[in-house]
$ cat protein_33.tsv   # TSV, C-alpha atoms
chain	number	residue	atom	x	y	z
A	19	MET	CA	1.87	46.57	78.00
A	20	ASN	CA	4.59	48.12	80.12
A	21	ILE	CA	6.18	45.44	82.27
A	22	PHE	CA	8.80	45.93	84.97
A	23	VAL	CA	10.77	42.80	85.96
A	24	ILE	CA	12.90	42.72	89.12
A	25	ASN	CA	15.61	40.16	89.93
A	26	GLY	CA	15.89	40.14	93.73
A	27	HIS	CA	18.54	37.43	94.18
A	28	LYS	CA	21.48	37.94	96.52
A	29	TYR	CA	24.67	36.07	95.66
A	30	TYR	CA	26.09	33.61	98.16
A	31	PRO	CA	28.95	31.17	97.42
A	32	PHE	CA	26.56	28.29	98.15
A	33	SER	CA	23.68	29.88	96.20
A	34	GLN	CA	24.94	31.71	93.16
A	35	GLY	CA	21.55	32.48	91.67
A	36	LYS	CA	21.88	30.56	88.41
A	37	LEU	CA	18.28	29.30	88.49
A	38	ASN	CA	16.91	32.69	89.49
A	39	ARG	CA	18.92	34.40	86.70
A	40	THR	CA	17.72	31.82	84.16
A	41	LEU	CA	14.08	32.37	85.14
A	42	PHE	CA	14.53	36.15	85.10
A	43	ASN	CA	16.14	36.04	81.62
A	44	LYS	CA	13.41	33.74	80.29
A	45	ILE	CA	10.66	36.03	81.58
A	46	VAL	CA	12.28	39.00	79.86
A	47	GLU	CA	12.87	37.00	76.66
A	48	LEU	CA	9.24	35.83	76.46
A	49	LEU	CA	7.70	39.22	77.21
A	50	THR	CA	9.92	41.51	75.14
A	51	PRO	CA	8.56	40.78	71.63
A	52	SER	CA	5.04	42.01	72.40
A	53	ASN	CA	5.57	44.37	75.37
A	54	GLN	CA	7.74	47.21	76.59
A	55	VAL	CA	10.00	45.72	79.29
A	56	LYS	CA	12.25	47.40	81.84
A	57	THR	CA	14.38	45.48	84.32
A	58	THR	CA	16.32	45.84	87.52
A	59	ILE	CA	18.87	43.39	88.89
A	60	ILE	CA	19.16	44.57	92.47
A	61	GLU	CA	22.67	43.18	93.00
A	62	GLU	CA	23.95	45.31	90.12
A	63	GLY	CA	22.74	48.46	91.85
A	64	TYR	CA	19.99	50.94	91.09
A	65	GLU	CA	19.18	54.63	91.16
A	66	LEU	CA	16.32	55.47	93.49
A	67	ASP	CA	14.50	57.98	91.26
A	68	LYS	CA	14.79	55.70	88.21
A	69	GLU	CA	13.31	52.80	90.18
A	70	ILE	CA	10.33	54.87	91.28
A	71	ASP	CA	9.83	55.94	87.65
A	72	LYS	CA	9.83	52.29	86.55
A	73	PHE	CA	7.07	51.47	89.05
A	74	LEU	CA	5.02	54.47	87.90
A	75	TRP	CA	5.54	53.51	84.23
A	76	ALA	CA	4.66	49.81	84.61
A	77	ASP	CA	1.26	48.21	84.09
A	78	ILE	CA	2.57	44.93	85.51
A	79	ILE	CA	5.39	44.34	87.98
A	80	ILE	CA	7.04	40.91	88.10
A	81	ILE	CA	9.32	40.08	91.02
A	82	GLN	CA	11.61	37.09	90.44
A	83	THR	CA	13.34	36.28	93.71
A	84	PRO	CA	14.13	33.31	95.90
A	85	ILE	CA	12.61	33.00	99.32
A	86	ASN	CA	15.19	32.78	102.10
A	87	TRP	CA	13.92	31.52	105.44
A	88	PHE	CA	10.33	32.42	104.50
A	89	SER	CA	11.28	35.95	103.45
A	90	PHE	CA	13.01	37.93	100.70
A	91	PRO	CA	16.82	38.13	100.56
A	92	GLY	CA	18.26	41.01	102.61
A	93	THR	CA	19.24	43.05	99.55
A	94	PHE	CA	15.66	42.90	98.27
A	95	LYS	CA	14.34	44.00	101.67
A	96	SER	CA	16.74	46.96	101.54
A	97	TYR	CA	15.53	47.77	98.01
A	98	ILE	CA	11.92	47.86	99.26
A	99	ASP	CA	12.93	50.11	102.17
A	100	ASP	CA	14.72	52.48	99.77
A	101	VAL	CA	12.21	52.58	96.92
A	102	TYR	CA	8.80	52.25	98.56
A	103	LYS	CA	8.78	55.71	100.09
A	104	HIS	CA	6.13	58.10	101.32
A	105	GLY	CA	4.74	60.30	98.59
A	106	SER	CA	5.71	57.91	95.81
A	107	PHE	CA	4.09	54.65	96.94
A	108	TYR	CA	1.75	55.76	99.67
A	109	GLY	CA	0.42	58.92	101.24
A	110	PRO	CA	-2.02	60.20	103.81
A	111	SER	CA	-5.33	58.43	104.18
A	112	GLU	CA	-8.48	58.80	106.22
A	113	GLU	CA	-8.41	55.05	106.87
A	114	TYR	CA	-5.18	53.41	108.04
A	115	GLY	CA	-3.54	51.27	105.35
A	116	ARG	CA	-5.59	52.73	102.49
A	117	GLY	CA	-3.17	55.42	101.26
A	118	GLY	CA	-1.46	53.37	98.54
A	119	VAL	CA	-1.07	54.99	95.13
A	120	PHE	CA	-0.53	51.80	93.08
A	121	LYS	CA	-4.00	50.33	93.41
A	122	LYS	CA	-4.42	49.68	89.67
A	123	LYS	CA	-1.11	47.82	89.15
A	124	LYS	CA	-0.85	44.08	88.73
A	125	ASN	CA	1.88	42.56	90.88
A	126	ILE	CA	3.02	39.09	89.93
$ encode --input "protein_33.tsv" --output "structure tokens"
Amino acid sequence: MNIFVINGHKYYPFSQGKLNRTLFNKIVELLTPSNQVKTTIIEEGYELDKEIDKFLWADIIIIQTPINWFSFPGTFKSYIDDVYKHGSFYGPSEEYGRGGVFKKKKNI
């Protein structure tokens, strides 16, 4: 399978992301022998078109991120705003909210 793994942690001096990085690395380590795996570590930067291609390529998308105040870290929210764009992730629809193009993907 083609699996895309995202590390959505944002570094803070009081929360350096060691646990998140360990979990991310373990996921990649366990999946790599029998799958094709691509990764993104949001804090290390990303290229918009390459990220969209990774989503299109993937059968399964795994998001490894902490939850900060019942939400994603700010850098992960910005990533979603950048990458999940009209025409790539959703389009026009006769029924509101039904224009998504990733209906057959598994999101973990």
$ atom_distance --input "protein_33.tsv" --atom1 "atom CA of A:Asp77" --atom2 "atom CA of A:Asp99"
21.6 Å
$ closest_residue --input "protein_33.tsv" --among "A:Val55, A:Gly26, A:Ile21, A:Ile85" --to "A:Ile98" --atoms "only C-alpha atoms"
A:Gly26
$ residues_near_point --input "protein_33.tsv" --point "(15.4, 36.3, 81.1)" --cutoff "12 Å" --atoms "only C-alpha atoms" --output "VMD selection string"
chain A and resid 23 to 25 36 to 50 55 to 59 80 82
$ write_last_selection --input "protein_33.tsv" --atoms "C-alpha atoms" --output "PDB file, keeping the file's coordinate frame"
ATOM      1  CA  VAL A  23      10.770  42.800  85.960  1.00  0.00           C
ATOM      2  CA  ILE A  24      12.900  42.720  89.120  1.00  0.00           C
ATOM      3  CA  ASN A  25      15.610  40.160  89.930  1.00  0.00           C
ATOM      4  CA  LYS A  36      21.880  30.560  88.410  1.00  0.00           C
ATOM      5  CA  LEU A  37      18.280  29.300  88.490  1.00  0.00           C
ATOM      6  CA  ASN A  38      16.910  32.690  89.490  1.00  0.00           C
ATOM      7  CA  ARG A  39      18.920  34.400  86.700  1.00  0.00           C
ATOM      8  CA  THR A  40      17.720  31.820  84.160  1.00  0.00           C
ATOM      9  CA  LEU A  41      14.080  32.370  85.140  1.00  0.00           C
ATOM     10  CA  PHE A  42      14.530  36.150  85.100  1.00  0.00           C
ATOM     11  CA  ASN A  43      16.140  36.040  81.620  1.00  0.00           C
ATOM     12  CA  LYS A  44      13.410  33.740  80.290  1.00  0.00           C
ATOM     13  CA  ILE A  45      10.660  36.030  81.580  1.00  0.00           C
ATOM     14  CA  VAL A  46      12.280  39.000  79.860  1.00  0.00           C
ATOM     15  CA  GLU A  47      12.870  37.000  76.660  1.00  0.00           C
ATOM     16  CA  LEU A  48       9.240  35.830  76.460  1.00  0.00           C
ATOM     17  CA  LEU A  49       7.700  39.220  77.210  1.00  0.00           C
ATOM     18  CA  THR A  50       9.920  41.510  75.140  1.00  0.00           C
ATOM     19  CA  VAL A  55      10.000  45.720  79.290  1.00  0.00           C
ATOM     20  CA  LYS A  56      12.250  47.400  81.840  1.00  0.00           C
ATOM     21  CA  THR A  57      14.380  45.480  84.320  1.00  0.00           C
ATOM     22  CA  THR A  58      16.320  45.840  87.520  1.00  0.00           C
ATOM     23  CA  ILE A  59      18.870  43.390  88.890  1.00  0.00           C
ATOM     24  CA  ILE A  80       7.040  40.910  88.100  1.00  0.00           C
ATOM     25  CA  GLN A  82      11.610  37.090  90.440  1.00  0.00           C
TER      26      GLN A  82
END
$ closest_residue --input "protein_33.tsv" --among "A:Tyr64, A:Tyr102, A:Tyr29, A:Phe107" --to "A:Asn86" --atoms "all atoms listed in the file"
A:Tyr29
$ atom_distance --input "protein_33.tsv" --atom1 "atom CA of A:Lys68" --atom2 "atom CA of A:Phe88"
28.8 Å
$ atom_distance --input "protein_33.tsv" --atom1 "atom CA of A:Asn53" --atom2 "atom CA of A:Met19"
5.0 Å
$ residues_around --input "protein_33.tsv" --residues "A:Pro84" --least-positions-apart "4" --cutoff "9 Å" --atoms "all atoms listed in the file" --output "list in words"
Gly26, His27, Lys28, Gly35, Asn38, Ser89, Phe90 and Pro91 of chain A
$ write_last_selection --input "protein_33.tsv" --atoms "C-alpha atoms" --output "compact mmCIF listing (two decimals), in the coordinates of the input"
# COMPACT_ATOMS: atom_id res chain seq x y z
CA GLY A 26 15.89 40.14 93.73
CA HIS A 27 18.54 37.43 94.18
CA LYS A 28 21.48 37.94 96.52
CA GLY A 35 21.55 32.48 91.67
CA ASN A 38 16.91 32.69 89.49
CA SER A 89 11.28 35.95 103.45
CA PHE A 90 13.01 37.93 100.70
CA PRO A 91 16.82 38.13 100.56
$ closest_residue --input "protein_33.tsv" --among "A:Leu66, A:Thr93, A:Ser111, A:Gln54" --to "A:Ile79" --atoms "only C-alpha atoms"
A:Gln54
$ closest_residue --input "protein_33.tsv" --among "A:Asn20, A:Tyr108, A:Phe73, A:Tyr97" --to "A:Ser52" --atoms "only C-alpha atoms"
A:Asn20
$ closest_residue --input "protein_33.tsv" --among "A:Gln34, A:Pro51, A:Phe22, A:Gly63" --to "A:Phe94" --atoms "only C-alpha atoms"
A:Gly63
